[in-house]
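Asker: This is the content of input.txt (compact mmCIF, C-alpha atoms):
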# COMPACT_ATOMS: atom_id res chain seq x y z
CA MET A 205 -21.71 32.65 1.76
CA PRO A 206 -19.16 35.25 0.68
CA LEU A 207 -16.37 36.27 3.01
CA THR A 208 -17.42 39.61 4.46
CA ASP A 209 -15.19 42.01 6.35
CA SER A 210 -16.96 41.23 9.63
CA LEU A 211 -16.59 37.46 9.07
CA ARG A 212 -12.90 37.93 8.22
CA ASP A 213 -12.40 39.97 11.39
CA GLU A 214 -14.16 37.34 13.48
CA ILE A 215 -11.93 34.60 11.98
CA LEU A 216 -8.80 36.66 12.69
CA ALA A 217 -9.96 37.31 16.26
CA SER A 218 -10.18 33.52 16.79
CA VAL A 219 -6.56 32.87 15.75
CA PRO A 220 -4.96 33.31 19.23
CA SER A 221 -7.49 30.92 20.79
CA LEU A 222 -7.05 28.46 17.94
CA ARG A 223 -3.28 28.58 18.40
CA ALA A 224 -3.54 28.00 22.14
CA PHE A 225 -5.86 25.04 21.54
CA ALA A 226 -3.50 23.66 18.88
CA ILE A 227 -0.53 23.94 21.26
CA SER A 228 -2.48 22.10 23.95
CA LEU A 229 -3.24 19.30 21.47
CA SER A 230 0.14 18.95 19.79
CA GLY A 231 2.50 20.17 22.50
CA LYS A 232 4.67 21.95 19.92
CA SER A 233 4.32 25.54 18.79
CA ASP A 234 5.56 24.93 15.25
CA ARG A 235 3.11 22.04 14.80
CA ALA A 236 0.37 24.22 16.32
CA ASP A 237 1.08 26.97 13.80
CA ASP A 238 0.77 24.45 10.97
CA LEU A 239 -2.54 23.21 12.38
CA VAL A 240 -3.92 26.74 12.66
CA GLN A 241 -2.81 27.59 9.15
CA GLU A 242 -4.41 24.43 7.74
CA THR A 243 -7.57 25.14 9.75
CA LEU A 244 -7.84 28.63 8.29
CA LEU A 245 -7.24 27.35 4.77
CA ARG A 246 -9.94 24.71 5.14
CA ALA A 247 -12.34 27.18 6.71
CA LEU A 248 -11.88 29.66 3.88
CA ALA A 249 -12.17 26.94 1.25
CA ASN A 250 -15.42 25.72 2.83
CA ILE A 251 -16.84 29.05 3.99
CA ASP A 252 -20.07 28.25 2.12
CA SER A 253 -20.80 25.47 4.61
CA PHE A 254 -20.68 27.88 7.57
CA GLN A 255 -24.14 28.88 8.75
CA PRO A 256 -24.39 32.65 9.40
CA GLY A 257 -25.47 33.35 12.95
CA SER A 258 -23.97 30.13 14.31
CA ASN A 259 -20.87 29.96 16.49
CA LEU A 260 -17.87 30.67 14.21
CA PRO A 261 -15.18 29.88 16.81
CA ALA A 262 -16.83 26.51 17.53
CA TRP A 263 -16.84 25.75 13.79
CA LEU A 264 -13.15 26.66 13.53
CA PHE A 265 -12.23 24.64 16.63
CA THR A 266 -14.06 21.62 15.19
CA ILE A 267 -12.05 21.90 11.97
CA LEU A 268 -8.80 22.15 13.95
CA ARG A 269 -9.65 19.20 16.20
CA ASN A 270 -10.59 17.03 13.21
CA LEU A 271 -7.35 17.96 11.43
CA PHE A 272 -5.33 17.08 14.51
CA ARG A 273 -7.07 13.74 14.95
CA SER A 274 -6.69 12.81 11.28
CA ASP A 275 -3.03 13.73 11.36
CA TYR A 276 -2.54 11.83 14.63
CA ARG A 277 -4.04 8.66 13.16
CA LYS A 278 -1.83 9.01 10.09
CA ARG A 279 1.34 9.66 12.13
CA ARG A 280 0.62 6.73 14.43
CA ARG A 281 1.05 4.39 11.46
CA GLU A 282 4.34 5.99 10.41
CA VAL A 283 7.73 4.63 11.43
CA GLU A 284 10.54 6.87 12.69
CA ASP A 285 13.43 6.40 10.24
CA ALA A 286 15.63 9.50 10.23
CA GLU A 287 18.69 7.75 8.77
CA GLY A 288 16.68 5.82 6.19
CA SER A 289 17.94 2.42 7.36
CA TYR A 290 14.43 0.94 7.63
CA SER A 291 13.28 2.28 4.27
CA LYS A 292 16.30 0.72 2.55
CA THR A 293 15.03 -2.72 3.59
CA LEU A 294 11.62 -2.18 1.99
CA LYS A 295 11.21 -3.33 -1.56
CA SER A 296 8.17 -3.03 -3.73
CA GLN A 297 8.01 -4.10 -7.33
CA PRO A 298 6.07 -1.78 -9.63
CA ALA A 299 2.58 -3.18 -10.23
CA GLN A 300 2.76 -2.88 -14.02
CA SER A 301 5.93 -4.96 -14.33
CA SER A 302 4.50 -7.66 -12.04
CA HIS A 303 1.46 -7.89 -14.28
CA LEU A 304 3.63 -8.16 -17.40
CA GLU A 305 5.85 -10.78 -15.77
CA PHE A 306 2.82 -12.82 -14.79
CA GLU A 307 1.47 -12.68 -18.35
CA GLU A 308 4.86 -13.85 -19.67
CA PHE A 309 4.83 -16.65 -17.12
CA ARG A 310 1.30 -17.71 -18.06
CA ALA A 311 2.19 -17.76 -21.77
CA ALA A 312 5.34 -19.83 -21.10
CA LEU A 313 3.37 -22.22 -18.90
CA GLU A 314 0.94 -22.81 -21.77
CA LYS A 315 3.85 -23.88 -24.01
CA LEU A 316 4.84 -26.75 -21.71
CA PRO A 317 3.64 -30.27 -22.55
CA GLN A 318 0.37 -31.10 -20.77
CA ASP A 319 1.87 -33.73 -18.44
CA GLN A 320 4.70 -31.42 -17.32
CA ARG A 321 2.35 -28.46 -16.85
CA GLU A 322 -0.05 -30.61 -14.81
CA ALA A 323 2.74 -31.95 -12.58
CA LEU A 324 4.24 -28.50 -12.07
CA ILE A 325 0.91 -26.93 -11.13
CA LEU A 326 0.09 -29.73 -8.69
CA VAL A 327 3.47 -29.63 -6.95
CA GLY A 328 4.52 -25.99 -7.37
CA ALA A 329 1.33 -23.96 -7.35
CA SER A 330 -1.14 -26.19 -5.49
CA GLY A 331 1.36 -27.38 -2.90
CA PHE A 332 0.78 -31.12 -3.24
CA SER A 333 3.62 -33.42 -2.28
CA TYR A 334 5.26 -35.47 -5.02
CA GLU A 335 3.50 -38.56 -3.63
CA ASP A 336 0.06 -36.91 -3.73
CA ALA A 337 0.68 -35.54 -7.22
CA ALA A 338 1.74 -39.02 -8.38
CA ALA A 339 -1.47 -40.51 -6.97
CA ILE A 340 -3.56 -37.81 -8.68
CA CYS A 341 -1.83 -38.38 -12.04
CA GLY A 342 -1.74 -42.17 -11.67
CA CYS A 343 2.01 -42.54 -12.17
CA ALA A 344 5.17 -43.18 -10.15
CA VAL A 345 6.66 -40.56 -7.80
CA GLY A 346 9.87 -40.55 -9.84
CA THR A 347 7.87 -39.72 -12.96
CA ILE A 348 6.30 -36.69 -11.22
CA LYS A 349 9.71 -35.54 -9.98
CA SER A 350 11.11 -35.83 -13.47
CA ARG A 351 8.17 -33.95 -15.05
CA VAL A 352 8.41 -31.17 -12.49
CA ASN A 353 12.17 -30.86 -12.94
CA ARG A 354 11.90 -30.74 -16.75
CA ALA A 355 9.01 -28.24 -16.57
CA ARG A 356 10.95 -25.94 -14.24
CA SER A 357 14.01 -26.10 -16.45
CA LYS A 358 11.99 -25.30 -19.58
CA LEU A 359 10.15 -22.43 -17.87
CA SER A 360 13.40 -20.97 -16.56
CA ALA A 361 14.93 -21.13 -20.02
CA MET A 362 11.86 -19.60 -21.71
CA LEU A 363 11.73 -16.78 -19.17
CA TYR A 364 15.51 -16.29 -18.90
CA VAL A 365 15.36 -16.89 -15.16
CA ASP A 366 18.47 -18.02 -13.30
CA GLY A 367 16.76 -18.22 -9.88
CA THR A 368 13.58 -17.34 -8.05
CA GLU A 369 14.89 -13.88 -7.16
CA ASP A 370 14.81 -13.01 -10.87
CA PHE A 371 11.07 -13.39 -11.10
CA GLY A 372 9.30 -10.86 -8.91
CA PRO A 373 7.63 -11.13 -5.53
CA ASP A 374 4.73 -13.47 -6.38
CA SER A 375 5.05 -16.48 -4.06
CA THR A 376 3.08 -18.82 -6.32
CA VAL A 377 5.28 -18.06 -9.32
CA ARG A 378 8.40 -18.48 -7.16
CA ALA A 379 7.16 -21.87 -5.93
CA VAL A 380 6.37 -23.06 -9.44
CA ILE A 381 9.67 -21.99 -10.96
CA GLY A 382 12.06 -22.53 -8.07
CA GLY A 383 10.38 -25.24 -6.04
CA SER A 384 9.41 -25.21 -2.43
CA GLY A 385 11.43 -28.11 -1.14
CA ASN A 386 8.97 -30.89 -2.05
I need this file expressed as structure tokens, please.

Answerer:
Amino acid sequence: MPLTDSLRDEILASVPSLRAFAISLSGKSDRADDLVQETLLRALANIDSFQPGSNLPAWLFTILRNLFRSDYRKRRREVEDAEGSYSKTLKSQPAQSSHLEFEEFRAALEKLPQDQREALILVGASGFSYEDAAAICGCAVGTIKSRVNRARSKLSAMLYVDGTEDFGPDSTVRAVIGGSGN
């Protein structure tokens, strides 16, 4: 449906009522003005979905109410942080570098001798105690501790890692390389 002069006039006539409704929803005139503006933009962009002869103000009010509710749900999840102190504590590694780091880790893990790799995966990645890993491998606890220690040292050297903080946020990788106190 094209925007006719009469339809344009009817939309413009609804603006004061839309603004009053927006103020009653938001409680702020500047926020209400933004809501009305966004409502009008959406209405004009989707004018083809308006059925001629139906209630234009009701259609506009529905758009405004839906915009307000969507924005309210979005704002409810936001955290007030005017000084930026909260955002400074948030850290997020870029996804592409995490993927590359994991591939480097996997390749380095493959280079370890089988017995060291097995011990490291049991203790570091799977979370078994040294005693349980020794029982699984059929060897002494000291042997498992030695294999895990040598495997971690070799992995750290291959990956140029000085500590767990050097190797991304992945908790499994951190446990394998740095240990988890077992």

Asker: With distances taken over only C-alpha atoms, which of A:Ser330, A:Glu335, A:Leu324, A:Leu313 is nearest to Asn353 (chain A)?

Answerer: A:Leu324

Asker: Find the distance between CA of Gly231 (chain A) and CA of Leu244 (chain A) and write it in Å to one decimal.

Answerer: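 CA of Leu244 (chain A) lies at a distance of 19.5 Å from CA of Gly231 (chain A).
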
Asker: Please compute the CA of Val352 (chain A)-CA of Ala323 (chain A) distance, one decimal, in Å.

Answerer: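 If I compute the distance from CA of Val352 (chain A) to CA of Ala323 (chain A), I get 5.7 Å.
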
Asker: Return the single residue from A:Leu316, A:Ala249, A:Ile325, A:Ala217 that is closest to Met362 (chain A), with distances computed using only C-alpha atoms.

Answerer: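 Using only C-alpha atoms, the shortest distance to Met362 (chain A) belongs to A:Leu316.
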
Asker: Tell me, in Å to one decimal, how far CA of Ala236 (chain A) is from CA of Arg223 (chain A).

Answerer: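 Going from CA of Ala236 (chain A) over to CA of Arg223 (chain A) covers 6.1 Å.
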
Asker: Rank nothing, just name the residue among A:Leu363, A:Val327, A:Ile340, A:Val240 nearest to Lys315 (chain A), using only C-alpha atoms.

Answerer: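 Checking each candidate against Lys315 (chain A), we get A:Leu363 as the closest.
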
Asker: For region 233-236 of chain A, take all atoms listed in the file, fit an axis-aligned box around them, add 6 Å to each of the six sides, then output centre and edge lengths in Å rounded to one decimal, as AutoDock Vina command-line options.

Answerer:
--center_x 3.0 --center_y 23.8 --center_z 16.8 --size_x 17.2 --size_y 15.5 --size_z 16.0

Asker: So that I can see what lies close to Leu260 (chain A), please list as a list in words the residues with an atom at most 9 Å from it, counting only C-alpha atoms and leaving out residues fewer than 3 positions away in the same chain.

Answerer: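 These residues fall inside the cut-off: Leu211, Glu214, Ile215, Ser218, Phe254, Gln255, Pro256, Gly257, Trp263, Leu264 and Phe265 of chain A.
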
Asker: Compare A:Glu308, A:Glu314, A:Asp234, A:Glu242 by their minimum atom-to-atom distance to Phe272 (chain A), counting all atoms listed in the file, and give me the closest one.

Answerer: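 Nearest to Phe272 (chain A): A:Glu242.
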
Asker: Contacts of Ser350 (chain A) at 12 Å or less, counting only C-alpha atoms, minus same-chain residues fewer than 6 places along, as a PyMOL selection string?

Answerer: chain A and resi 319-321+323-324+327+334+338+343-344+356-357

Asker: Which residue is closest to Leu326 (chain A)? Choose from A:Ala355, A:Ile227, A:Ala312, A:Leu268 and count only C-alpha atoms.

Answerer: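 Of all the options, A:Ala355 lies closest to Leu326 (chain A).
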
Asker: Please determine, counting all atoms listed in the file, which residue among A:Thr208, A:Glu322, A:Pro317, A:Glu307 has the shortest atom-to-atom distance to Asp252 (chain A).

Answerer: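 Looking at the shortest contact to Asp252 (chain A), the residue is A:Thr208.
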